[in-house]
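Engineer: Following this message is one structure expressed as structure tokens.
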Amino acid sequence: MHEETVYDALTAAHGDDARWAFGAGFDDPLAGVDTTVPDRVEPADLGAYCLMLGDDALVLSQRLIEWITRAPELEEEVAFANVALDLLGQARLLLARAGSVGVLGRSRERAGASIPDEDALAYFRDPDEFRCTALVVADGGDFARTLVRLLMASTWRLALFTQLQSSRDPVLAAIAGKGVAELSYHRSHAARWVLRLGDGTAESHRRAQAAVDFLWPLTADLFTPTEVEARLAPAGVAVDPGRLREEVHGVLTDVLTRATLTVPEWPASAPPTGRLGQHDPGRSEELTDLLAGLQGLARRHPGATW
Amino acid sequence: MPAPTLTRADAADETALQEHFDATIAAEHRIEPRDWMPEGYRKTLVRQIAQHAHSEIIGMQPEGDWLLAAPSLRRKAILLAKVQDEAGHGLYLYSATETLGADRADLTDKLIEGRQKYSSIFNYPTLTYADVGVIGWLVDGAAICNQVPLCRSSYGPYARAMIRICKEESFHQRQGYELLLTMMRGTGEQQAMVQDAVDRWWWPSLMMFGPPDTESPNSAQSMAWGIKRHSNDELRQRYVDMTVPQAEFLGVTLPDPELELDPETGRYRFGAIDWEEFKRVLAGNGPRNAERIARRRAARDDGAWVLAAATAYAEKHS
């Protein structure tokens with residue numbers, strides 16, 4: 001490389017858009033995808049479903065970002081950033097899809113007209129409008145809890161996205177198709193760490209078991225369909241989460257057993273309150289704090305473009 | 001390792017090795033890890049590359065402080081990818097030091113104990129989101145001016161690392177500048193944020209090139225060894241000349257009343273740098289020195305049980 005050319009390149013105009021980080025360009029994230037709502041589907045249902053899956057991804061991404069500059073190893077800084085970027089990308093597509101079918105809740109009353117749908121939904125909804133599950137909202141805790149949670153969340157989401165690839169909604173099918181490869185990596189990365197922690201030292205085993213015991217009850221609502229899912233699943237658009245239970249239980253039992261950890265009793269199914277925005281009191285407080293950090297700056301400048 | 005006693009034959013060998021090394025440098029060929037090299041060359045390189053690696057890792061913090069609060073999802077993705085690149089650069093550079101016999105954990109300890117330095121620019125706080133853009137534009141811009149010549153470093157692994165790092169840095173610089181352009185087209189508050197950030201970062205960015213040539217003691221030897229290619233003042237001037245037109249296009253004022261184009265040379269004259277401030281921050285008394293190191297110390301100490309677990313697991317399953 002001749003150094004002068006590098007200096008020149010810095011001041012010259014740039015046209016190499018391929019070098020932008022994924023999702024960092026200006027294009028409509030759904031550009032080129034058929035966004036027609038499939039027949040026999042209420043747009044409000046489709047939008048609500050996209051928010052459920054998008055909010056899970058956005059909140060978990062934020063939880064992983066909390067580790068950046070604080071992880072035990074530089075390699076984990078890179079890995080957490082990778083996973084968080086993937087989930088952020090999924091969230092953006094899903095929120096944009098919700099916006100494209102007109103599901104914006106109260107956010108449009110608060111966000112300026114120049115703010116794109118994905119940001120109106122991420123930054124200008126209140127906690128009771130977020131449709132995420134307790135599993136992703138719970139405070140990250142230590143490294144063990146972060147990795148056990150990532151294992152549980154990515155196992156559930158991978159099982160769901162695998163089936164969602166054949167959704168009749170072309171946007172959901174495309175998002176799922178892209179997400180399957182990402183989630184496979186997230187799950188295997190988390191599983192490798194759970195093995196090391198469970199079968200590592202006495203301290204790491206104790207911490208991993210404590211994480212499992214803390215997080216296990218939070219899976220109670222993961223397999224209960226909301227009314228929206230109950231309508232969309234038979235229409236071939238959504239996945240009935242009840243159908244994921246066997247696979248998720250199987251994978252988690254296998255990994256935990258190999259990690260020499262005790263698999264707790266599976267909790268009885270609970271109603272999907274988080275998906276309805278009715279977050280449990282403890283989780284509600286955590287979600288409010290998380291959203292305050294996420295949204296504060298954007299809300300102070302509702303008419304600004306970034 | 002204790003220095004072995006030299007016999008007469010060894011001394012002759014050493015002379016031959018030194019001659020071969022000198023000839024390699026003179027021919028602008030690269031020194032590779034298995035080649036013989038003088039101890040001073042090795043030590044200087046380890047110090048320089050480690051300092052660069054530490055700067056990448058500490059440099060994640062000022063911008064990383066805005067990751068949770070980035071004001072749009074697109075900006076969050078851009079910033080996250082950038083901070084991730086910096087972690088990658090750090091890893092890459094620590095690997096280069098390991099080709100010289102250094103050890104990453106040992107270098108990290110030296111950073112935390114204050115026995116090795118990092119770029120003092122990262123001891124300034126990031127007060128608004130405009131700081132993210134200004135760091136990309138000015139701090140990465142200055143870093144690139146410093147680093148592009150290192151793509152021709154005489155030490156092969158360092159030169160190759162720098163080629164990749166410079167490409168990514170120039171991408172970051174462009175993203176930072178694009179954020180500022182967007183903010184300057186935005187609300188009055190956003191424009192004021194950009195100008196305020198430029199006011200705070202301009203002088204520290206000029207200090208990134210190090211002390212003036214008259215006070216840079218190690219430069220001559222490093223230039224002779226081909227691990228430094230231009231003097232501090234030459235690079236600083238190049239940076240100013242490159243940046244002033246960019247500031248004009250952006251619509252901000254650089255906080256230096258003496259800044260003006262010299263019509264004869266085509267280069268910009270600029271005011272005197274406050275080297276007392278530079279020394280104060282370098283000595284550990286900048287606004288955020290203690291916090292930056294404390295976070296690295298906490299990451300190492302709080303994460304020790306994780307590394308112990310990974311080691312124990314690897315031993316059980318090897």
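By convention here, the chains of the structure tokens are called A, B, ... in the order presented, each chain's residues are numbered starting at 1, and ligands are numbered starting at 1 in the order presented.
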So that I can see what lies close to B:Thr97, please list as number ranges by chain the residues with an atom at most 8 Å from it, counting only C-alpha atoms and leaving out residues fewer than 3 positions away in the same chain.

Structural biologist: B: 45-46, 49-50, 93-94, 100-104

Engineer: I'd like the contact shell of B:His20 - 10 Å cut-off, only C-alpha atoms, skipping same-chain residues fewer than 6 positions apart - returned as a list in words.

Structural biologist: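 Counting only the stated atoms, we get Glu14, Ala26, Asp35, Trp36 and Met37 of chain B.
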
Engineer: I need the chain A residues near chain B as a PyMOL selection string; criterion: at most 7 Å, counting only C-alpha atoms.

Structural biologist: chain A and resi 3+10+21+23-24+62+65+69-72+74+77-78+81+85+119+196-197+199-201+204+293-298+304-306

Engineer: Just asking: which residues within stretch 99-234 of chain A are alpha helix (DSSP H) according to DSSP, as an NGL selection string?

Structural biologist: :A and (99-100 or 107-110 or 117-123 or 134-137 or 143-164 or 170-198 or 202-215 or 227-232)

Engineer: Within 12 Å of B:Phe270, counting only C-alpha atoms, which residues show up once you throw out same-chain ones fewer than 2 positions away? Write them as a ChimeraX atom specification, please.

Structural biologist: /B:202-203,206,233,236-237,239-241,244,254-262,267-268,272-273

Engineer: Identify, on the basis of only C-alpha atoms, every residue whose closest approach to stretch 211-217 of chain A does not exceed 8 Å; exclude the query and any residue fewer than 4 positions from it along the same chain; express the result as a ChimeraX atom specification.

Structural biologist: /A:135,144-145,148-149,207,263-264,266-267

Engineer: Take the residues just selected and output them with N, CA and C atoms as a PDB file, in the first residue's frame.

Structural biologist:
ATOM      1  N   LEU A 135     -37.625 -13.572  30.621  1.00  0.00           N
ATOM      2  CA  LEU A 135     -36.291 -14.170  30.500  1.00  0.00           C
ATOM      3  C   LEU A 135     -35.255 -13.160  30.004  1.00  0.00           C
ATOM      4  N   ALA A 144     -21.915 -15.924  34.563  1.00  0.00           N
ATOM      5  CA  ALA A 144     -22.606 -17.213  34.466  1.00  0.00           C
ATOM      6  C   ALA A 144     -24.072 -17.007  34.092  1.00  0.00           C
ATOM      7  N   ARG A 145     -24.710 -16.069  34.756  1.00  0.00           N
ATOM      8  CA  ARG A 145     -26.125 -15.847  34.453  1.00  0.00           C
ATOM      9  C   ARG A 145     -26.287 -15.335  33.023  1.00  0.00           C
ATOM     10  N   VAL A 148     -25.853 -18.463  30.746  1.00  0.00           N
ATOM     11  CA  VAL A 148     -26.964 -19.426  30.874  1.00  0.00           C
ATOM     12  C   VAL A 148     -28.214 -18.821  30.236  1.00  0.00           C
ATOM     13  N   ARG A 149     -28.424 -17.528  30.459  1.00  0.00           N
ATOM     14  CA  ARG A 149     -29.578 -16.874  29.851  1.00  0.00           C
ATOM     15  C   ARG A 149     -29.473 -16.880  28.324  1.00  0.00           C
ATOM     16  N   ARG A 207     -21.677 -20.913  40.656  1.00  0.00           N
ATOM     17  CA  ARG A 207     -22.297 -19.749  40.005  1.00  0.00           C
ATOM     18  C   ARG A 207     -23.219 -20.179  38.860  1.00  0.00           C
ATOM     19  N   VAL A 263     -30.535 -30.273  36.541  1.00  0.00           N
ATOM     20  CA  VAL A 263     -31.637 -29.680  35.781  1.00  0.00           C
ATOM     21  C   VAL A 263     -32.840 -29.554  36.721  1.00  0.00           C
ATOM     22  N   PRO A 264     -33.286 -28.338  36.993  1.00  0.00           N
ATOM     23  CA  PRO A 264     -34.433 -28.187  37.895  1.00  0.00           C
ATOM     24  C   PRO A 264     -35.710 -28.729  37.254  1.00  0.00           C
ATOM     25  N   TRP A 266     -39.138 -28.592  35.515  1.00  0.00           N
ATOM     26  CA  TRP A 266     -39.686 -27.588  34.594  1.00  0.00           C
ATOM     27  C   TRP A 266     -40.884 -26.912  35.234  1.00  0.00           C
ATOM     28  N   PRO A 267     -40.967 -25.593  35.171  1.00  0.00           N
ATOM     29  CA  PRO A 267     -42.091 -24.903  35.807  1.00  0.00           C
ATOM     30  C   PRO A 267     -43.397 -25.162  35.055  1.00  0.00           C
TER      31      PRO A 267
END

Engineer: Neighbours of stretch 108-110 of chain B within 8 Å (only C-alpha atoms; same-chain residues fewer than 5 positions away dropped), as a list of chain:residue names?

Structural biologist: B:His54, B:Arg115, B:Gln116

Engineer: Store the residues of this selection in a file with N, CA, C and O atoms, as a CSV table (one decimal), in the first residue's frame.

Structural biologist:
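See again08.csv below for the written result:
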chain,number,residue,atom,x,y,z
B,54,HIS,N,-2.9,-1.2,24.1
B,54,HIS,CA,-3.6,-0.6,25.3
B,54,HIS,C,-4.5,0.5,24.9
B,54,HIS,O,-5.6,0.7,25.4
B,115,ARG,N,2.6,0.8,34.5
B,115,ARG,CA,3.9,0.7,34.1
B,115,ARG,C,4.1,0.8,32.5
B,115,ARG,O,5.2,0.9,32.0
B,116,GLN,N,2.9,0.8,31.8
B,116,GLN,CA,2.9,1.1,30.4
B,116,GLN,C,1.8,2.0,30.1
B,116,GLN,O,0.8,2.1,30.8

Engineer: Neighbours of B:Asp274 within 10 Å (only C-alpha atoms; same-chain residues fewer than 4 positions away dropped), as a list in words?

Structural biologist: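 Counting only C-alpha atoms, the residues come to Trp203, Pro204, Met207, Phe278 and Lys279 of chain B.
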
Engineer: Please compute the atom CA of A:His205-atom CA of A:Ile68 distance, one decimal, in Å.

Structural biologist: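 These atoms are spaced 24.0 Å apart.
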
Engineer: Using only C-alpha atoms, which protein or nucleic acid residues come within 7 Å of B:Gly133? Drop anything in the same chain fewer than 3 positions from it, and give the result as a ChimeraX atom specification.

Structural biologist: /B:130,136-137,176-177,179-180

Engineer: Would you mind exporting the chosen residues as an mmCIF file, in the first residue's frame, restricted to C-alpha atoms?

Structural biologist:
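Output below, filename out-v2.cif:
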data_model
loop_
_atom_site.group_PDB
_atom_site.id
_atom_site.type_symbol
_atom_site.label_atom_id
_atom_site.label_comp_id
_atom_site.auth_asym_id
_atom_site.auth_seq_id
_atom_site.Cartn_x
_atom_site.Cartn_y
_atom_site.Cartn_z
ATOM 1 C CA ALA B 130 -21.469 14.651 19.322
ATOM 2 C CA GLY B 136 -14.311 9.370 14.868
ATOM 3 C CA TRP B 137 -13.407 12.422 12.852
ATOM 4 C CA GLY B 176 -17.818 9.835 12.624
ATOM 5 C CA TYR B 177 -17.722 12.608 10.081
ATOM 6 C CA LEU B 179 -22.651 11.608 12.079
ATOM 7 C CA LEU B 180 -21.419 15.190 12.453
#
